[in-house]
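A short write-up of the structure that comes next.
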Amino acid sequence: MHYHQQRLSYTHRSHYNNGNPPQLKDYIHVPPEFQHIYTKCRVVYDEHIKQIKYSPYKKKQISSLKLVETKEDYSFKHENRGFLHRLYDSRAKADDILIIKAGMITDTYYCNVALLKAGKWHTPVQPLLKGCMRQHLLDKGIIEMAEISANQIYDYEKISLFNALVNFGEICFDIDPESIH
């Protein structure tokens, strides 16, 4: 909750000048039917909380990524994900996409990434979206930021995809031309 509140507060400060962001703890109350299953909580807000929606979350099996390029900015999480949907639809037979911006690795469709090299996990300095789990892992020293160009990807051994609902290491596979292309 702490990291989600940080992101909401940062977004609120960047877009509104009243200085009083909504406090998620006042709005997030998981209904009983969602308390014993893996649940996604979607919060829609502008200056105020507009909607809270709960839904079951099903994890996807991902073992291949297609490299795709974008020039789009997605510094703030928002409802209009049209460009991401278009990129994802271009994945062909791959399970997901690995997005490249200005020649640098960023994220997948739903996840931040970390790549393993010489025993250290590196996450891109400039992801499309600075996720909550990414910040948690950085704060704990589990991952560290690095500039990772698309040309360097095969210099790394493994890739891990993660977000608030996918634990670090849960989706992890070797980097080779068959898994990432």
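Letters for chains follow the order of the structure tokens (A, B, ...), residue numbers begin at 1 for each chain, and ligand numbers begin at 1 in the order shown.
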Practice prompt. Return as an NGL selection string the full set of residues in stretch 32-168 of chain A whose backbone-based DSSP assignment is strand (DSSP E).
Written response: :A and (39-45 or 49-56 or 65-70 or 96-101 or 104-108 or 112-117 or 120-124 or 144-146 or 158-163 or 166-168)
Item to complete: With a distance cut-off of 12 Å and only C-alpha atoms, select the neighbouring residues of A:Phe83, excluding the residue or stretch itself and same-chain residues fewer than 5 positions from it, and output the selection as number ranges by chain.
Response: A: 68-74, 78, 88-90, 99, 109
May I have the residues within 9 Å of A:Asn163 as a PDB file with N, CA and C atoms, in the first residue's frame, using only C-alpha atoms and disregarding those fewer than 6 positions away in the same chain?
ATOM      1  N   TYR A 110       2.783  -5.623 -19.078  1.00  0.00           N
ATOM      2  CA  TYR A 110       2.265  -5.422 -17.722  1.00  0.00           C
ATOM      3  C   TYR A 110       3.340  -5.351 -16.648  1.00  0.00           C
ATOM      4  N   CYS A 111       4.568  -5.682 -16.969  1.00  0.00           N
ATOM      5  CA  CYS A 111       5.579  -5.857 -15.924  1.00  0.00           C
ATOM      6  C   CYS A 111       6.817  -5.003 -16.137  1.00  0.00           C
ATOM      7  N   ASN A 112       7.458  -4.666 -15.026  1.00  0.00           N
ATOM      8  CA  ASN A 112       8.822  -4.173 -15.059  1.00  0.00           C
ATOM      9  C   ASN A 112       9.728  -5.393 -15.214  1.00  0.00           C
ATOM     10  N   VAL A 113      10.981  -5.145 -15.541  1.00  0.00           N
ATOM     11  CA  VAL A 113      11.907  -6.248 -15.770  1.00  0.00           C
ATOM     12  C   VAL A 113      13.218  -6.016 -15.022  1.00  0.00           C
ATOM     13  N   GLY A 131       7.190   1.047 -11.576  1.00  0.00           N
ATOM     14  CA  GLY A 131       6.236   0.264 -10.809  1.00  0.00           C
ATOM     15  C   GLY A 131       6.530   0.223  -9.319  1.00  0.00           C
ATOM     16  N   CYS A 132       5.488  -0.128  -8.565  1.00  0.00           N
ATOM     17  CA  CYS A 132       5.594  -0.204  -7.106  1.00  0.00           C
ATOM     18  C   CYS A 132       6.532  -1.318  -6.662  1.00  0.00           C
ATOM     19  N   MET A 133       6.414  -2.488  -7.260  1.00  0.00           N
ATOM     20  CA  MET A 133       7.295  -3.600  -6.892  1.00  0.00           C
ATOM     21  C   MET A 133       8.740  -3.279  -7.274  1.00  0.00           C
ATOM     22  N   ARG A 134       8.930  -2.614  -8.402  1.00  0.00           N
ATOM     23  CA  ARG A 134      10.275  -2.210  -8.819  1.00  0.00           C
ATOM     24  C   ARG A 134      10.907  -1.340  -7.739  1.00  0.00           C
TER      25      ARG A 134
END
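Residues in contact with A:Lys77 at up to 10 Å, not including ones fewer than 5 positions away on its chain and judged by only C-alpha atoms, are Arg7, Leu8, Thr11, Leu128, Leu129, Lys130 and Gly131 of chain A.
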For the residues selected in the previous step, produce a file with N, CA and C atoms as a compact mmCIF listing (two decimals), in the first residue's frame.
# COMPACT_ATOMS: atom_id res chain seq x y z
N ARG A 7 3.00 6.48 -5.40
CA ARG A 7 2.76 6.76 -6.81
C ARG A 7 1.55 7.67 -6.98
N LEU A 8 0.47 7.39 -6.27
CA LEU A 8 -0.72 8.24 -6.36
C LEU A 8 -0.37 9.67 -5.95
N THR A 11 1.73 11.40 -8.65
CA THR A 11 0.87 11.74 -9.79
C THR A 11 -0.01 12.93 -9.44
N LEU A 128 9.21 2.45 -18.80
CA LEU A 128 8.04 3.25 -19.21
C LEU A 128 7.28 3.72 -17.99
N LEU A 129 7.10 2.81 -17.03
CA LEU A 129 6.38 3.13 -15.80
C LEU A 129 7.19 2.61 -14.61
N LYS A 130 7.45 3.47 -13.66
CA LYS A 130 8.18 3.06 -12.46
C LYS A 130 7.20 2.37 -11.52
N GLY A 131 7.19 1.05 -11.58
CA GLY A 131 6.24 0.26 -10.81
C GLY A 131 6.53 0.22 -9.32
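Those residues that approach A:Lys40 to within 10 Å, counting only C-alpha atoms, are Val30, Phe34, Lys53, Tyr54, Ser55, Pro56, Tyr57, Lys58, Ala164 and Leu165 of chain A; same-chain residues fewer than 4 positions away are not listed.
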Using N, CA and C atoms, can you write the selected residues to a file as a CSV table (one decimal), in the first residue's frame?
chain,number,residue,atom,x,y,z
A,30,VAL,N,-11.3,-4.5,0.7
A,30,VAL,CA,-11.5,-5.7,-0.1
A,30,VAL,C,-12.7,-6.4,0.3
A,34,PHE,N,-13.5,-11.4,-2.3
A,34,PHE,CA,-12.2,-11.3,-2.9
A,34,PHE,C,-11.1,-11.5,-1.9
A,53,LYS,N,-12.3,-0.9,-8.3
A,53,LYS,CA,-12.9,-2.2,-8.8
A,53,LYS,C,-12.0,-3.3,-8.5
A,54,TYR,N,-12.6,-4.4,-8.0
A,54,TYR,CA,-11.9,-5.6,-7.6
A,54,TYR,C,-12.2,-6.7,-8.6
A,55,SER,N,-11.2,-7.5,-9.0
A,55,SER,CA,-11.5,-8.6,-9.9
A,55,SER,C,-10.4,-9.7,-9.7
A,56,PRO,N,-10.8,-11.0,-10.0
A,56,PRO,CA,-9.9,-12.1,-9.8
A,56,PRO,C,-8.7,-11.8,-10.7
A,57,TYR,N,-7.5,-12.2,-10.3
A,57,TYR,CA,-6.3,-12.0,-11.1
A,57,TYR,C,-5.7,-13.4,-11.5
A,58,LYS,N,-5.6,-13.6,-12.8
A,58,LYS,CA,-5.0,-14.9,-13.3
A,58,LYS,C,-3.7,-14.6,-13.9
A,164,ALA,N,3.2,-5.7,-9.1
A,164,ALA,CA,2.6,-5.8,-7.7
A,164,ALA,C,1.9,-7.1,-7.5
A,165,LEU,N,1.5,-7.8,-8.6
A,165,LEU,CA,0.8,-9.1,-8.5
A,165,LEU,C,1.7,-10.3,-8.9
Worksheet item: Looking at only C-alpha atoms, which of A:Pro127, A:Gly103, A:Pro32, A:Pro21 is the one that sits closest to A:Phe76?
Response: A:Pro127
Contacts of A:Leu65 at 7 Å (only C-alpha atoms; same-chain gap of 3+ positions) as a PDB file with N, CA and C atoms, in the first residue's frame:
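Full text of out-v6.pdb as output:
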ATOM      1  N   ALA A  94       4.985 -14.697 -29.802  1.00  0.00           N
ATOM      2  CA  ALA A  94       5.576 -14.515 -28.475  1.00  0.00           C
ATOM      3  C   ALA A  94       4.477 -14.363 -27.425  1.00  0.00           C
ATOM      4  N   ASP A  95       4.810 -14.684 -26.186  1.00  0.00           N
ATOM      5  CA  ASP A  95       3.841 -14.583 -25.092  1.00  0.00           C
ATOM      6  C   ASP A  95       3.593 -13.144 -24.666  1.00  0.00           C
ATOM      7  N   ASP A  96       4.586 -12.282 -24.823  1.00  0.00           N
ATOM      8  CA  ASP A  96       4.479 -10.895 -24.384  1.00  0.00           C
ATOM      9  C   ASP A  96       5.462 -10.071 -25.212  1.00  0.00           C
ATOM     10  N   ILE A  97       5.566  -8.803 -24.889  1.00  0.00           N
ATOM     11  CA  ILE A  97       6.470  -7.899 -25.586  1.00  0.00           C
ATOM     12  C   ILE A  97       7.504  -7.349 -24.610  1.00  0.00           C
ATOM     13  N   LEU A  98       8.667  -7.003 -25.122  1.00  0.00           N
ATOM     14  CA  LEU A  98       9.682  -6.281 -24.367  1.00  0.00           C
ATOM     15  C   LEU A  98       9.869  -4.965 -25.112  1.00  0.00           C
ATOM     16  N   SER A 179      13.950 -17.133 -26.923  1.00  0.00           N
ATOM     17  CA  SER A 179      13.034 -16.604 -25.909  1.00  0.00           C
ATOM     18  C   SER A 179      12.785 -15.104 -26.075  1.00  0.00           C
ATOM     19  N   ILE A 180      13.761 -14.382 -26.614  1.00  0.00           N
ATOM     20  CA  ILE A 180      13.604 -12.941 -26.836  1.00  0.00           C
ATOM     21  C   ILE A 180      14.084 -12.635 -28.247  1.00  0.00           C
ATOM     22  N   HIS A 181      13.174 -12.135 -29.061  1.00  0.00           N
ATOM     23  CA  HIS A 181      13.513 -11.864 -30.461  1.00  0.00           C
ATOM     24  C   HIS A 181      12.766 -10.640 -30.985  1.00  0.00           C
TER      25      HIS A 181
END
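Residues of stretch 77-157 of chain A that DSSP places in helix (DSSP H, G or I), based on the backbone of this structure, are Gly82, Phe83, Leu84, His85, Arg86, Leu87, Tyr88, Asp89, Cys132, Met133, Arg134, Gln135, His136, Leu137, Leu138, Asp139, Ala150, Asn151, Gln152, Ile153, Tyr154 and Asp155 of chain A.
Of the residues listed (A:Glu144, A:Asp139, A:Asp107, A:Asp26), A:Asp139 shows the shortest atom-to-atom separation from A:Tyr3; distances use only C-alpha atoms.
Picture a line from atom CA of A:Val43 to atom CA of A:Gly19; it runs 19.2 Å.
With only C-alpha atoms as the atoms that count, the residue of A:Tyr27, A:Ile159, A:Gln35, A:Gln126 with the shortest distance to A:Ile49 is A:Tyr27.
In terms of minimum interatomic distance to A:Gln51, A:Leu24 ranks closest within A:Leu24, A:Leu87, A:Glu157, A:Lys101, counting only C-alpha atoms.
Ranking A:Thr123, A:Gln135, A:Ser9, A:Ser14 by their shortest atom-to-atom distance to A:Tyr156, with only C-alpha atoms included, puts A:Thr123 first.
Distances here use only C-alpha atoms; by that measure, the residue among A:Ile142, A:Ile100, A:Ala92, A:Val44 closest to A:Pro22 is A:Val44.
In this structure, atom CA of A:Glu178 sits 23.3 Å away from atom CA of A:Glu147.
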Neighbour list for stretch 148-154 of chain A as a PDB file with N, CA and C atoms, in the first residue's frame, cut-off 8 Å, only C-alpha atoms, skip fewer than 6 positions in-chain:
ATOM      1  N   ILE A 100      11.156  -1.359 -26.227  1.00  0.00           N
ATOM      2  CA  ILE A 100      12.393  -0.602 -26.416  1.00  0.00           C
ATOM      3  C   ILE A 100      12.008   0.855 -26.679  1.00  0.00           C
ATOM      4  N   GLY A 103      16.241   3.046 -28.066  1.00  0.00           N
ATOM      5  CA  GLY A 103      17.281   2.039 -28.080  1.00  0.00           C
ATOM      6  C   GLY A 103      17.513   1.323 -26.763  1.00  0.00           C
ATOM      7  N   MET A 104      16.727   1.675 -25.743  1.00  0.00           N
ATOM      8  CA  MET A 104      16.936   1.118 -24.410  1.00  0.00           C
ATOM      9  C   MET A 104      15.770   0.213 -23.993  1.00  0.00           C
ATOM     10  N   ILE A 105      16.085  -0.850 -23.258  1.00  0.00           N
ATOM     11  CA  ILE A 105      15.078  -1.741 -22.693  1.00  0.00           C
ATOM     12  C   ILE A 105      14.244  -0.949 -21.680  1.00  0.00           C
ATOM     13  N   THR A 123      17.788  -3.443 -13.419  1.00  0.00           N
ATOM     14  CA  THR A 123      16.522  -2.990 -13.974  1.00  0.00           C
ATOM     15  C   THR A 123      16.784  -1.702 -14.739  1.00  0.00           C
ATOM     16  N   PRO A 124      16.062  -1.468 -15.827  1.00  0.00           N
ATOM     17  CA  PRO A 124      16.330  -0.258 -16.613  1.00  0.00           C
ATOM     18  C   PRO A 124      16.191   1.028 -15.797  1.00  0.00           C
ATOM     19  N   VAL A 125      17.098   1.948 -16.048  1.00  0.00           N
ATOM     20  CA  VAL A 125      17.060   3.259 -15.389  1.00  0.00           C
ATOM     21  C   VAL A 125      15.762   3.988 -15.753  1.00  0.00           C
ATOM     22  N   ILE A 175      17.804 -15.828 -21.237  1.00  0.00           N
ATOM     23  CA  ILE A 175      17.802 -14.929 -22.375  1.00  0.00           C
ATOM     24  C   ILE A 175      18.567 -15.592 -23.510  1.00  0.00           C
ATOM     25  N   ASP A 176      17.873 -15.827 -24.609  1.00  0.00           N
ATOM     26  CA  ASP A 176      18.488 -16.366 -25.829  1.00  0.00           C
ATOM     27  C   ASP A 176      17.620 -15.935 -27.005  1.00  0.00           C
ATOM     28  N   PRO A 177      18.114 -16.111 -28.222  1.00  0.00           N
ATOM     29  CA  PRO A 177      17.357 -15.647 -29.387  1.00  0.00           C
ATOM     30  C   PRO A 177      15.994 -16.332 -29.588  1.00  0.00           C
TER      31      PRO A 177
END
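The interatomic distance for the pair atom CA of A:Gly169 and atom CA of A:His136 works out to 14.1 Å.
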